[in-house]
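Structure record follows, encoded as structure tokens.
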Amino acid sequence: AEVFTREPAKADDFFTAVFDYSSKKIKDEHMDYRVFDLGADPVLGRMAMTAEDFPAEIPAYIQVYFAVDNCDKAVEYAERAGGRKVFGPMDSPFGRFAAIVDPQGAAFAVIDARTTVGEMPEME
């Protein structure tokens with residue numbers, strides 16, 4: 001999952017206190033993104049919502065990801081079943097992913113974490 005929030009410090013404090021996650025910030029001067037884990041693999045991401053990237057009417061939200069064996073096939077299947085692709089599939093160092101809306105309007109994402117492209121970002 002990824003948490004999108006306008007109050008990143010509060011979210012960071014909450015997740016490390018309640019779930020005992022370790023966290024690392026991605027070194028990037030253009031965005032505030034933090035990865036939480038329980039040791040090895042990331043279990044959660046947190047993105048700071050800025051006014052320039054997220055209009056004020058978009059509230060904080062959580063993007064839920066479902067692990068799939070093949071992102072492209074999962075998107076095709078979702079579309080055949082009445083879903084609508086919002087974006088993707090796209091590659092990242094964390095996996096190949098896409099965002100989908102189901103026929104009732106619920107948003108979710110799918111990710112094939114075994115299909116990665118690019119180097120993992122530097123973290124501090």
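So you can find residues: chains in the structure tokens are A, B, ... in the order shown, residues in each start at 1, and ligands are numbered from 1 in order.
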task = Enumerate as an MDAnalysis selection string all residues of stretch 10-112 of chain A assigned to strand (DSSP E or B) by DSSP on the backbone, naming them with the chain letters and numbers the document uses.
result = chainID A and resid 22:26 33:37 42:48 61:63 65:67 84:90 96:101 107:112
Do you know which residues are at most 12 Å from A:Arg80 counting only C-alpha atoms, after dropping those on the same chain fewer than 6 positions away, and could you put them as a PDB file with C-alpha atoms, in the first residue's frame?
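As a result, selection.pdb now contains:
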```pdb
ATOM      1  CA  LYS A  73      -2.654  -9.794 -17.892  1.00  0.00           C
ATOM      2  CA  ALA A  74      -4.259  -8.618 -14.637  1.00  0.00           C
ATOM      3  CA  ASP A 102     -13.631  -1.555 -10.531  1.00  0.00           C
ATOM      4  CA  PRO A 103     -17.168  -1.358 -11.985  1.00  0.00           C
TER       5      PRO A 103
END
```
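Comparing the minimum interatomic distances between A:Phe87 and each of A:Asp28, A:Gln104, A:Ala109, A:Gln63, counting only C-alpha atoms, we find that A:Ala109 sits nearest.
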task = To one decimal in Å, tell me the separation between atom CA of A:Asp91 and atom CA of A:Ala106.
result =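 If I compute the distance from atom CA of A:Asp91 to atom CA of A:Ala106, I get 23.0 Å.
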Residue neighbourhood A:Cys71, 8 Å, only C-alpha atoms, exclusion window fewer than 4 positions, as a PDB file with N, CA and C atoms, in the first residue's frame:
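As a result, selection-v5.pdb now contains:
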```pdb
ATOM      1  N   VAL A  75      -4.447  -6.454 -15.752  1.00  0.00           N
ATOM      2  CA  VAL A  75      -5.165  -5.286 -16.274  1.00  0.00           C
ATOM      3  C   VAL A  75      -6.141  -5.721 -17.358  1.00  0.00           C
ATOM      4  N   PRO A  89      -0.007  -0.226 -17.508  1.00  0.00           N
ATOM      5  CA  PRO A  89       1.106  -0.672 -16.677  1.00  0.00           C
ATOM      6  C   PRO A  89       2.378   0.134 -16.935  1.00  0.00           C
ATOM      7  N   ARG A  96       6.346  -3.870 -11.745  1.00  0.00           N
ATOM      8  CA  ARG A  96       5.491  -3.373 -12.828  1.00  0.00           C
ATOM      9  C   ARG A  96       4.087  -3.227 -12.252  1.00  0.00           C
ATOM     10  N   PHE A  97       3.490  -2.029 -12.394  1.00  0.00           N
ATOM     11  CA  PHE A  97       2.217  -1.779 -11.720  1.00  0.00           C
ATOM     12  C   PHE A  97       1.247  -0.986 -12.595  1.00  0.00           C
ATOM     13  N   ALA A  98      -0.022  -1.015 -12.174  1.00  0.00           N
ATOM     14  CA  ALA A  98      -1.077  -0.259 -12.844  1.00  0.00           C
ATOM     15  C   ALA A  98      -2.169   0.050 -11.835  1.00  0.00           C
ATOM     16  N   VAL A 110      -2.512  -2.996  -9.050  1.00  0.00           N
ATOM     17  CA  VAL A 110      -1.913  -4.327  -9.118  1.00  0.00           C
ATOM     18  C   VAL A 110      -0.421  -4.143  -9.362  1.00  0.00           C
ATOM     19  N   ILE A 111       0.372  -5.068  -8.817  1.00  0.00           N
ATOM     20  CA  ILE A 111       1.820  -4.975  -8.993  1.00  0.00           C
ATOM     21  C   ILE A 111       2.423  -6.370  -9.103  1.00  0.00           C
ATOM     22  N   ASP A 112       3.314  -6.502 -10.069  1.00  0.00           N
ATOM     23  CA  ASP A 112       4.147  -7.691 -10.193  1.00  0.00           C
ATOM     24  C   ASP A 112       5.519  -7.287  -9.656  1.00  0.00           C
TER      25      ASP A 112
END
```
inquiry  = Report, in Å to a single decimal, how far apart atom CA of A:Asp41 and atom CA of A:Pro59 are.
reply    =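 Computing it gives 28.0 Å between the two atoms.
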query = Where does DSSP see helix (DSSP H, G or I) in stretch 18-98 of chain A, if you list the residues as JSON, numbers by chain?
reply = {"A": [18, 19, 71, 72, 73, 74, 75, 76, 77, 78, 79, 80]}
ask   = Of the candidates A:Val64, A:Ala11, A:Ala17, A:Ala78, which one gets nearest to A:Val43 if we count only C-alpha atoms?
value =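 Using only C-alpha atoms, the shortest distance to A:Val43 belongs to A:Val64.
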inquiry  = Just want the 12 Å neighbourhood of A:Leu38, counted on only C-alpha atoms, with same-chain residues fewer than 6 positions away dropped. Output as a PyMOL selection string.
reply    = chain A and resi 15-16+19-24+44
message = Can you pull out the residues contacting A:Pro42? Cut-off 12 Å, using only C-alpha atoms, and skip same-chain residues under 5 positions away; I want them as a list in words.
response = Ala1, Glu2, Tyr21, Ser22, Ser23, Lys24, Lys25, Arg34, Val35, Phe36, Asp37, Pro93, Phe94, Gly95, Ala113 and Met120 of chain A
Distance criterion (only C-alpha atoms): nearest to A:Glu119 out of A:Ser92, A:Phe66, A:Ile26, A:Lys85 = A:Ser92
remark   = With distances taken over only C-alpha atoms, the candidate from A:Asp32, A:Glu7, A:Glu122, A:Glu57 nearest A:Gly45 is A:Asp32
message = If I take atom CA of A:Ala99 and atom CA of A:Ala51, how far is one from the other in Å, to one decimal?
response =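 Taking atom CA of A:Ala99 as the start and atom CA of A:Ala51 as the end point, the length is 21.9 Å.
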ask   = From the list A:Arg114, A:Arg84, A:Arg6, A:His30, which residue is nearest A:Ala56 when using only C-alpha atoms?
value = A:Arg6
